[in-house]
Each structure stands twice: as C-alpha cells, then as structure tokens.
$ cat final.txt   # compact mmCIF, C-alpha atoms
# COMPACT_ATOMS: atom_id res chain seq x y z
CA MET G 803 26.20 58.05 -29.63
CA THR G 804 24.43 57.30 -32.89
CA ALA G 805 21.34 59.03 -34.24
CA THR G 806 19.45 56.85 -36.69
CA GLU G 807 17.11 59.61 -37.88
CA ALA G 808 17.89 63.18 -38.88
CA ALA G 809 15.34 64.44 -36.36
CA HIS G 810 17.40 62.91 -33.55
CA LEU G 811 20.70 64.43 -34.68
CA SER G 812 20.19 67.68 -32.78
CA ASP G 813 19.41 65.78 -29.57
CA ALA G 814 22.40 63.48 -30.04
CA LEU G 815 24.76 66.41 -30.59
CA GLY G 816 23.30 68.22 -27.59
CA ASN G 817 23.83 65.18 -25.38
CA ALA G 818 27.39 64.76 -26.64
CA VAL G 819 28.17 68.43 -25.92
CA GLU G 820 26.75 68.02 -22.42
CA VAL G 821 29.03 65.06 -21.70
CA VAL G 822 32.13 66.66 -23.23
CA SER G 823 31.50 70.00 -21.49
CA ARG G 824 32.45 68.43 -18.16
CA ALA G 825 35.93 67.58 -19.41
CA ALA G 826 36.25 70.91 -21.20
CA ALA G 827 35.41 72.81 -18.02
CA GLU G 828 37.84 70.73 -15.99
CA HIS G 829 40.66 71.57 -18.39
CA GLY G 830 39.59 75.16 -19.14
CA ILE G 831 39.17 74.60 -22.88
CA GLY G 832 36.36 74.82 -25.41
CA ILE G 833 34.49 72.27 -27.49
CA LEU G 834 34.99 71.42 -31.16
CA ILE G 835 32.28 69.73 -33.23
CA SER G 836 33.75 68.29 -36.43
CA ARG G 837 31.67 66.95 -39.27
CA VAL G 838 33.47 63.91 -40.63
CA GLY G 839 30.83 62.59 -43.01
CA THR G 840 27.34 63.12 -44.29
CA ASP G 841 25.83 62.10 -40.98
CA SER G 842 28.88 61.69 -38.74
CA TYR G 843 30.29 64.12 -36.18
CA ILE G 844 33.01 64.11 -33.55
CA VAL G 845 32.45 66.17 -30.40
CA ARG G 846 35.54 66.75 -28.27
CA ALA G 847 37.17 69.13 -25.86
CA HIS G 848 39.85 71.01 -27.81
CA PRO G 849 42.64 73.32 -26.60
CA GLY G 850 42.37 75.41 -29.77
CA VAL G 851 38.89 76.57 -28.77
CA PRO G 852 38.64 79.18 -26.00
CA TYR G 853 36.94 78.08 -22.78
CA GLY G 854 33.19 78.62 -22.90
CA PHE G 855 32.97 78.45 -26.69
CA ILE G 856 31.78 75.77 -29.09
CA ARG G 857 33.32 75.82 -32.54
CA GLN G 858 32.06 73.85 -35.54
CA SER G 859 34.26 72.47 -38.29
CA TYR G 860 33.05 71.22 -41.67
CA PRO G 861 35.24 69.71 -44.39

$ encode --input "final.txt" --output "structure tokens"
Amino acid sequence: MTATEAAHLSDALGNAVEVVSRAAAEHGIGILISRVGTDSYIVRAHPGVPYGFIRQSYP
C-alpha cells in the first residue's frame, strides 16, 4: 500500500498492520514495522517479536 500524503501514512500503516495481524496470529508471532526510507515502511509478521506485540525499527 502506498500513501501519497503524510496525513494518510497513519491510515496506511494501520491497514497494513490489520492485514499482517491475521498471519501473525495464525503463526503465533508479533509484527515488525521497519522504516526503510524517508517515507517507506515494511510491515511484516516476524518471529523475533513476541505474539501480541508490535515492534518498530528505524535505521
């Protein structure tokens, strides 16, 4: 998902977390949000994050 305006970034990240949370729950793992650029993020289920938690990573 791409947010073209900063105001939409929060909504886009929220939607991405909602989608990824299904897979995270199925596998019993948490969610990692990684900032990979000025306005780019990756949201993924990650085994290094405890189930039920969302961790953020910034370079």

$ atom_distance --input "final.txt" --atom1 "atom CA of G:Pro849" --atom2 "atom CA of G:Ala818"
17.5 Å

$ closest_residue --input "final.txt" --among "G:Ala814, G:Pro852, G:Ala847, G:Glu820" --to "G:Ile835" --atoms "all atoms listed in the file"
G:Ala847

$ atom_distance --input "final.txt" --atom1 "atom CA of G:Asn817" --atom2 "atom CA of G:Gly850"
21.6 Å

$ atom_distance --input "final.txt" --atom1 "atom CA of G:Gly830" --atom2 "atom CA of G:Asp813"
24.6 Å

$ closest_residue --input "final.txt" --among "G:Val851, G:Ile856, G:Ile831, G:Val838" --to "G:Val819" --atoms "all atoms listed in the file"
G:Ile856

$ residues_around --input "final.txt" --residues "G:His829" --least-positions-apart "2" --cutoff "10 Å" --atoms "only C-alpha atoms" --output "MDAnalysis selection string"
chainID G and resid 823:827 831:832 847:849 853

$ closest_residue --input "final.txt" --among "G:Val845, G:Tyr860, G:His810, G:Gly854" --to "G:Val822" --atoms "all atoms listed in the file"
G:Val845

$ axis_aligned_box --input "final.txt" --around "stretch 834-849 of chain G" --padding-each-side "6 Å" --output "lines of an AutoDock Vina configuration file"
center_x = 34.2
center_y = 67.5
center_z = -35.1
size_x = 28.8
size_y = 23.6
size_z = 30.4

$ closest_residue --input "final.txt" --among "G:Thr840, G:Leu834, G:Arg846, G:Pro861" --to "G:Val821" --atoms "only C-alpha atoms"
G:Arg846

$ decode --input "final.txt" --residues "chain G" --atoms "C-alpha atoms" --output "PDB file, in the first residue's frame"
ATOM      1  CA  MET G 803       0.000   0.000   0.000  1.00  0.00           C
ATOM      2  CA  THR G 804       1.255   3.473  -0.817  1.00  0.00           C
ATOM      3  CA  ALA G 805       0.346   6.692   0.975  1.00  0.00           C
ATOM      4  CA  THR G 806       0.845   9.732  -1.231  1.00  0.00           C
ATOM      5  CA  GLU G 807       0.362  12.262   1.565  1.00  0.00           C
ATOM      6  CA  ALA G 808       1.823  12.326   5.056  1.00  0.00           C
ATOM      7  CA  ALA G 809      -1.679  12.603   6.509  1.00  0.00           C
ATOM      8  CA  HIS G 810      -2.539   9.209   5.023  1.00  0.00           C
ATOM      9  CA  LEU G 811       0.556   7.448   6.373  1.00  0.00           C
ATOM     10  CA  SER G 812      -1.034   6.579   9.710  1.00  0.00           C
ATOM     11  CA  ASP G 813      -4.075   5.078   7.965  1.00  0.00           C
ATOM     12  CA  ALA G 814      -1.890   3.127   5.542  1.00  0.00           C
ATOM     13  CA  LEU G 815       0.238   1.698   8.358  1.00  0.00           C
ATOM     14  CA  GLY G 816      -2.886   0.835  10.339  1.00  0.00           C
ATOM     15  CA  ASN G 817      -4.371  -1.005   7.369  1.00  0.00           C
ATOM     16  CA  ALA G 818      -1.121  -2.872   6.775  1.00  0.00           C
ATOM     17  CA  VAL G 819      -0.950  -3.942  10.430  1.00  0.00           C
ATOM     18  CA  GLU G 820      -4.545  -5.154  10.223  1.00  0.00           C
ATOM     19  CA  VAL G 821      -3.758  -7.345   7.205  1.00  0.00           C
ATOM     20  CA  VAL G 822      -0.490  -8.697   8.631  1.00  0.00           C
ATOM     21  CA  SER G 823      -2.031  -9.359  12.053  1.00  0.00           C
ATOM     22  CA  ARG G 824      -4.016 -12.254  10.587  1.00  0.00           C
ATOM     23  CA  ALA G 825      -0.838 -14.065   9.552  1.00  0.00           C
ATOM     24  CA  ALA G 826       0.907 -13.142  12.800  1.00  0.00           C
ATOM     25  CA  ALA G 827      -1.944 -14.599  14.857  1.00  0.00           C
ATOM     26  CA  GLU G 828      -2.004 -17.757  12.763  1.00  0.00           C
ATOM     27  CA  HIS G 829       1.706 -18.318  13.405  1.00  0.00           C
ATOM     28  CA  GLY G 830       1.761 -17.022  17.000  1.00  0.00           C
ATOM     29  CA  ILE G 831       4.284 -14.254  16.305  1.00  0.00           C
ATOM     30  CA  GLY G 832       4.366 -10.477  16.527  1.00  0.00           C
ATOM     31  CA  ILE G 833       4.574  -7.691  13.969  1.00  0.00           C
ATOM     32  CA  LEU G 834       7.623  -5.668  12.957  1.00  0.00           C
ATOM     33  CA  ILE G 835       7.321  -2.263  11.288  1.00  0.00           C
ATOM     34  CA  SER G 836      10.622  -1.278   9.666  1.00  0.00           C
ATOM     35  CA  ARG G 837      11.328   2.164   8.297  1.00  0.00           C
ATOM     36  CA  VAL G 838      13.369   1.696   5.135  1.00  0.00           C
ATOM     37  CA  GLY G 839      13.364   5.248   3.819  1.00  0.00           C
ATOM     38  CA  THR G 840      12.080   8.728   4.434  1.00  0.00           C
ATOM     39  CA  ASP G 841       8.539   7.700   3.602  1.00  0.00           C
ATOM     40  CA  SER G 842       8.822   3.929   3.164  1.00  0.00           C
ATOM     41  CA  TYR G 843       7.946   1.188   5.646  1.00  0.00           C
ATOM     42  CA  ILE G 844       7.729  -2.594   5.634  1.00  0.00           C
ATOM     43  CA  VAL G 845       5.104  -4.232   7.838  1.00  0.00           C
ATOM     44  CA  ARG G 846       5.548  -7.966   8.392  1.00  0.00           C
ATOM     45  CA  ALA G 847       4.929 -10.784  10.804  1.00  0.00           C
ATOM     46  CA  HIS G 848       8.257 -11.535  12.498  1.00  0.00           C
ATOM     47  CA  PRO G 849       9.288 -14.439  14.747  1.00  0.00           C
ATOM     48  CA  GLY G 850      11.620 -12.169  16.719  1.00  0.00           C
ATOM     49  CA  VAL G 851       8.654 -10.193  18.049  1.00  0.00           C
ATOM     50  CA  PRO G 852       6.540 -11.822  20.772  1.00  0.00           C
ATOM     51  CA  TYR G 853       2.937 -12.648  19.873  1.00  0.00           C
ATOM     52  CA  GLY G 854       0.605  -9.737  20.547  1.00  0.00           C
ATOM     53  CA  PHE G 855       3.316  -7.086  20.230  1.00  0.00           C
ATOM     54  CA  ILE G 856       4.197  -4.608  17.502  1.00  0.00           C
ATOM     55  CA  ARG G 857       7.816  -3.507  17.361  1.00  0.00           C
ATOM     56  CA  GLN G 858       9.145  -0.588  15.321  1.00  0.00           C
ATOM     57  CA  SER G 859      12.585  -0.453  13.753  1.00  0.00           C
ATOM     58  CA  TYR G 860      14.280   2.679  12.407  1.00  0.00           C
ATOM     59  CA  PRO G 861      17.685   2.808  10.709  1.00  0.00           C
TER      60      PRO G 861
END
